[in-house]
Amino acid sequence: MSLTKAEKAIILSMWGKISTQADAIGTQALERLFASYPQTKTYFPHFDLRPGSAHLRTHGAKVAAALGDAVKSIDNIAGALSKLSEMHAYVLRVDPVNFKLLSHCLLVTVASHFPADFTADAHTAWDKFLSIVSCVLTEKYR
Amino acid sequence: GFLTAEEKGLVNGLWGKVNVDEVGGEALGRLLVVYPWTQRFFESFGDLSSADAIMSNAKVKAHGKKVLNSFSDGLKNIDDLKGAFAKLSELHCDKLHVDPENFRLLGNVLVCVLAHHFGHDFNPQVQAAFQKVVAGVANALAHKYH
């Protein structure tokens, strides 16, 4: 599965707006993840996961930054996220099922923040993009 | 109960503001756009050739309305979803031959549509309550499969 030209254009154009609130978007997606899927908290026993915590904000910013890197290299996401992919495979070892959960929460966060832009085509583009990012992050698992 | 009193409050509070007919068409339309393989169940629906065609398709809207009104009825029986959806479960298995994975997909699309409509009101706690609901409905619809 790969992004069409039109889908890449949608992602780039929406990222322009998203990037001005990237940290908040990343943080809210994580809040949504932990609220809807409490089992995902097992990966963060060392974090204060209460809404508004410094840990959440820092980590949300990291997630958003990585997505930004992927957007900036949208024609070579695997290259852009290579180090992150290795980290997930050898160090973090987050079970692959969780990438779908975080992707869904990122989609919900974007939908709620950008109503005018979140058309059916944009919904498709973002779902595909996050799917590709998830694939890249798990491709070195075994 | 299936939901805490607080979660019931959050769900009913939001659902009361939902235009069920409209949201139904939107959710089903987006399912067919975002996950095009789901179109396999709707070959008789006419033009599904583009996002615009799908979202404005009268049959999609009508069917979406039907589906979401049924979901809405189910919400009234939130503590016995399996009972509420037993007949529909049999229908989806025996007559419609729908893979239950599709119920999970539609549930998540519905959550996206609610987020789209309600913006910041669809906060993490409201979403979490709705995720429980859509998971419960999906499981209830799959329950009679054999």
# chains A, B, ... in the order shown; residues from 1 in each chain; ligands from 1
>>> closest_atom_pairs(of="chain B", to="chain A", cutoff="9 Å", atoms="only C-alpha atoms", output="tab-separated table")
residue	atom	partner	partner_atom	distance
B:Glu26	CA	A:Ala120	CA	9.0
B:Gly29	CA	A:Ala120	CA	8.2
B:Arg30	CA	A:Ala120	CA	5.8
B:Val33	CA	A:Ala120	CA	6.7
B:Val34	CA	A:Thr124	CA	4.6
B:Tyr35	CA	A:Thr124	CA	7.9
B:Ala51	CA	A:Asp121	CA	6.5
B:Asp52	CA	A:Ala120	CA	8.5
B:Met55	CA	A:Ala120	CA	8.1
B:Asn108	CA	A:His104	CA	7.7
B:Val111	CA	A:Val108	CA	7.4
B:Cys112	CA	A:Val108	CA	5.2
B:Val113	CA	A:Ala111	CA	7.8
B:Leu114	CA	A:Ser112	CA	8.4
B:Ala115	CA	A:Ser112	CA	4.7
B:His116	CA	A:Ala111	CA	4.7
B:His117	CA	A:Pro115	CA	7.2
B:Phe118	CA	A:Ser112	CA	6.9
B:Gly119	CA	A:Ser112	CA	3.9
B:His120	CA	A:Ser112	CA	6.1
B:Asp121	CA	A:Ser112	CA	8.6
B:Phe122	CA	A:Ser112	CA	7.3
B:Asn123	CA	A:Arg32	CA	7.9
B:Pro124	CA	A:Arg32	CA	4.7
B:Gln125	CA	A:Ala35	CA	6.5
B:Gln127	CA	A:Ser36	CA	6.9
B:Ala128	CA	A:Ser36	CA	4.1
B:Ala129	CA	A:Ser36	CA	7.5
B:Phe130	CA	A:Ser36	CA	8.7
B:Gln131	CA	A:Ser36	CA	6.5
B:Lys132	CA	A:Ser36	CA	7.9
>>> closest_residue(among="A:Leu106, A:Ile18, A:Val97, A:Ala66", to="Ala78 in chain A", atoms="only C-alpha atoms")
A:Ala66
>>> closest_residue(among="B:Leu81, B:Val11, B:Ala5, B:Val98", to="Phe42 in chain B", atoms="only C-alpha atoms")
B:Val98
>>> select_by_dssp(residues="range 5-124 of chain B", states="alpha helix (DSSP H)", output="PyMOL selection string")
chain B and resi 5-15+20-34+51-56+58-75+81-84+86-94+101-118+124
>>> decode(residues="range 22-142 of chain B", atoms="C-alpha atoms", output="short mmCIF file (atom, residue, chain, number, x, y, z; two decimals), in the first residue's frame")
data_model
loop_
_atom_site.label_atom_id
_atom_site.label_comp_id
_atom_site.auth_asym_id
_atom_site.auth_seq_id
_atom_site.Cartn_x
_atom_site.Cartn_y
_atom_site.Cartn_z
CA GLU B 22 -26.96 12.12 8.88
CA VAL B 23 -24.17 10.60 10.94
CA GLY B 24 -25.24 7.15 9.73
CA GLY B 25 -24.78 8.11 6.09
CA GLU B 26 -21.48 9.83 6.87
CA ALA B 27 -20.10 6.84 8.77
CA LEU B 28 -21.11 4.24 6.19
CA GLY B 29 -19.84 6.48 3.39
CA ARG B 30 -16.47 6.93 5.04
CA LEU B 31 -16.21 3.17 5.67
CA LEU B 32 -16.60 2.58 1.93
CA VAL B 33 -14.13 5.37 1.04
CA VAL B 34 -11.41 4.68 3.59
CA TYR B 35 -11.64 0.86 3.41
CA PRO B 36 -12.72 0.26 -0.19
CA TRP B 37 -12.76 -3.51 0.18
CA THR B 38 -15.90 -3.09 2.29
CA GLN B 39 -17.67 -2.16 -0.95
CA ARG B 40 -17.88 -5.91 -1.57
CA PHE B 41 -21.18 -5.96 0.33
CA PHE B 42 -22.73 -3.17 -1.69
CA GLU B 43 -22.34 -4.04 -5.36
CA SER B 44 -25.98 -3.09 -5.98
CA PHE B 45 -25.55 0.45 -4.64
CA GLY B 46 -24.58 2.04 -7.95
CA ASP B 47 -21.82 4.62 -8.32
CA LEU B 48 -19.08 4.09 -5.72
CA SER B 49 -16.29 5.26 -8.02
CA SER B 50 -14.99 8.21 -5.97
CA ALA B 51 -15.22 9.69 -2.48
CA ASP B 52 -17.67 12.31 -3.77
CA ALA B 53 -19.80 9.69 -5.50
CA ILE B 54 -19.91 7.53 -2.37
CA MET B 55 -20.64 10.35 0.09
CA SER B 56 -23.51 11.64 -2.06
CA ASN B 57 -24.91 8.21 -2.99
CA ALA B 58 -28.58 7.99 -1.95
CA LYS B 59 -28.45 4.24 -1.24
CA VAL B 60 -25.40 4.70 0.98
CA LYS B 61 -27.20 7.42 2.92
CA ALA B 62 -30.35 5.35 3.29
CA HIS B 63 -28.46 2.29 4.44
CA GLY B 64 -26.26 4.30 6.78
CA LYS B 65 -29.42 5.73 8.34
CA LYS B 66 -30.80 2.23 8.85
CA VAL B 67 -27.58 0.95 10.41
CA LEU B 68 -27.18 3.84 12.81
CA ASN B 69 -30.82 3.83 13.90
CA SER B 70 -30.31 0.19 14.81
CA PHE B 71 -27.14 1.12 16.73
CA SER B 72 -29.10 3.86 18.48
CA ASP B 73 -31.79 1.36 19.52
CA GLY B 74 -29.04 -0.85 20.88
CA LEU B 75 -27.80 2.02 23.05
CA LYS B 76 -31.14 1.91 24.86
CA ASN B 77 -30.25 -1.66 25.93
CA ILE B 78 -26.65 -0.98 26.82
CA ASP B 79 -26.62 -3.57 29.60
CA ASP B 80 -27.78 -6.38 27.32
CA LEU B 81 -26.24 -5.71 23.93
CA LYS B 82 -25.98 -9.44 23.14
CA GLY B 83 -29.73 -9.82 23.68
CA ALA B 84 -30.52 -6.63 21.79
CA PHE B 85 -28.50 -7.65 18.72
CA ALA B 86 -29.12 -11.42 18.74
CA LYS B 87 -31.44 -11.44 15.72
CA LEU B 88 -29.24 -9.04 13.76
CA SER B 89 -26.23 -11.19 14.59
CA GLU B 90 -27.90 -14.24 13.08
CA LEU B 91 -28.88 -12.22 10.01
CA HIS B 92 -25.34 -10.91 9.45
CA CYS B 93 -23.92 -14.42 9.73
CA ASP B 94 -26.49 -16.57 7.94
CA LYS B 95 -27.90 -14.25 5.28
CA LEU B 96 -25.45 -11.38 4.83
CA HIS B 97 -22.17 -13.33 5.36
CA VAL B 98 -20.39 -10.30 6.83
CA ASP B 99 -16.98 -10.82 8.46
CA PRO B 100 -17.33 -9.37 12.01
CA GLU B 101 -14.08 -7.47 11.47
CA ASN B 102 -16.26 -5.07 9.48
CA PHE B 103 -18.25 -4.19 12.62
CA ARG B 104 -15.01 -3.14 14.32
CA LEU B 105 -13.99 -1.06 11.30
CA LEU B 106 -17.38 0.68 11.16
CA GLY B 107 -17.30 1.31 14.91
CA ASN B 108 -13.97 3.10 14.63
CA VAL B 109 -15.13 5.09 11.60
CA LEU B 110 -18.16 6.15 13.65
CA VAL B 111 -15.81 7.34 16.42
CA CYS B 112 -13.88 9.39 13.82
CA VAL B 113 -17.14 10.92 12.53
CA LEU B 114 -18.21 11.85 16.06
CA ALA B 115 -14.79 13.45 16.67
CA HIS B 116 -15.16 15.33 13.39
CA HIS B 117 -18.62 16.64 14.32
CA PHE B 118 -18.09 17.41 17.98
CA GLY B 119 -14.46 18.58 18.02
CA HIS B 120 -13.17 19.31 21.51
CA ASP B 121 -16.43 18.08 23.09
CA PHE B 122 -15.42 14.61 21.92
CA ASN B 123 -12.67 14.57 24.53
CA PRO B 124 -10.58 11.54 25.61
CA GLN B 125 -13.09 10.47 28.28
CA VAL B 126 -16.05 10.66 25.90
CA GLN B 127 -14.06 8.77 23.27
CA ALA B 128 -13.12 6.06 25.78
CA ALA B 129 -16.79 5.54 26.67
CA PHE B 130 -17.74 5.32 22.99
CA GLN B 131 -14.91 2.88 22.26
CA LYS B 132 -16.46 0.60 24.87
CA VAL B 133 -19.86 0.98 23.22
CA VAL B 134 -18.70 0.27 19.66
CA ALA B 135 -16.65 -2.70 20.87
CA GLY B 136 -19.69 -4.02 22.76
CA VAL B 137 -21.95 -3.63 19.72
CA ALA B 138 -19.38 -5.29 17.44
CA ASN B 139 -19.04 -8.21 19.86
CA ALA B 140 -22.84 -8.51 20.20
CA LEU B 141 -23.22 -8.61 16.41
CA ALA B 142 -20.58 -11.34 16.22
#
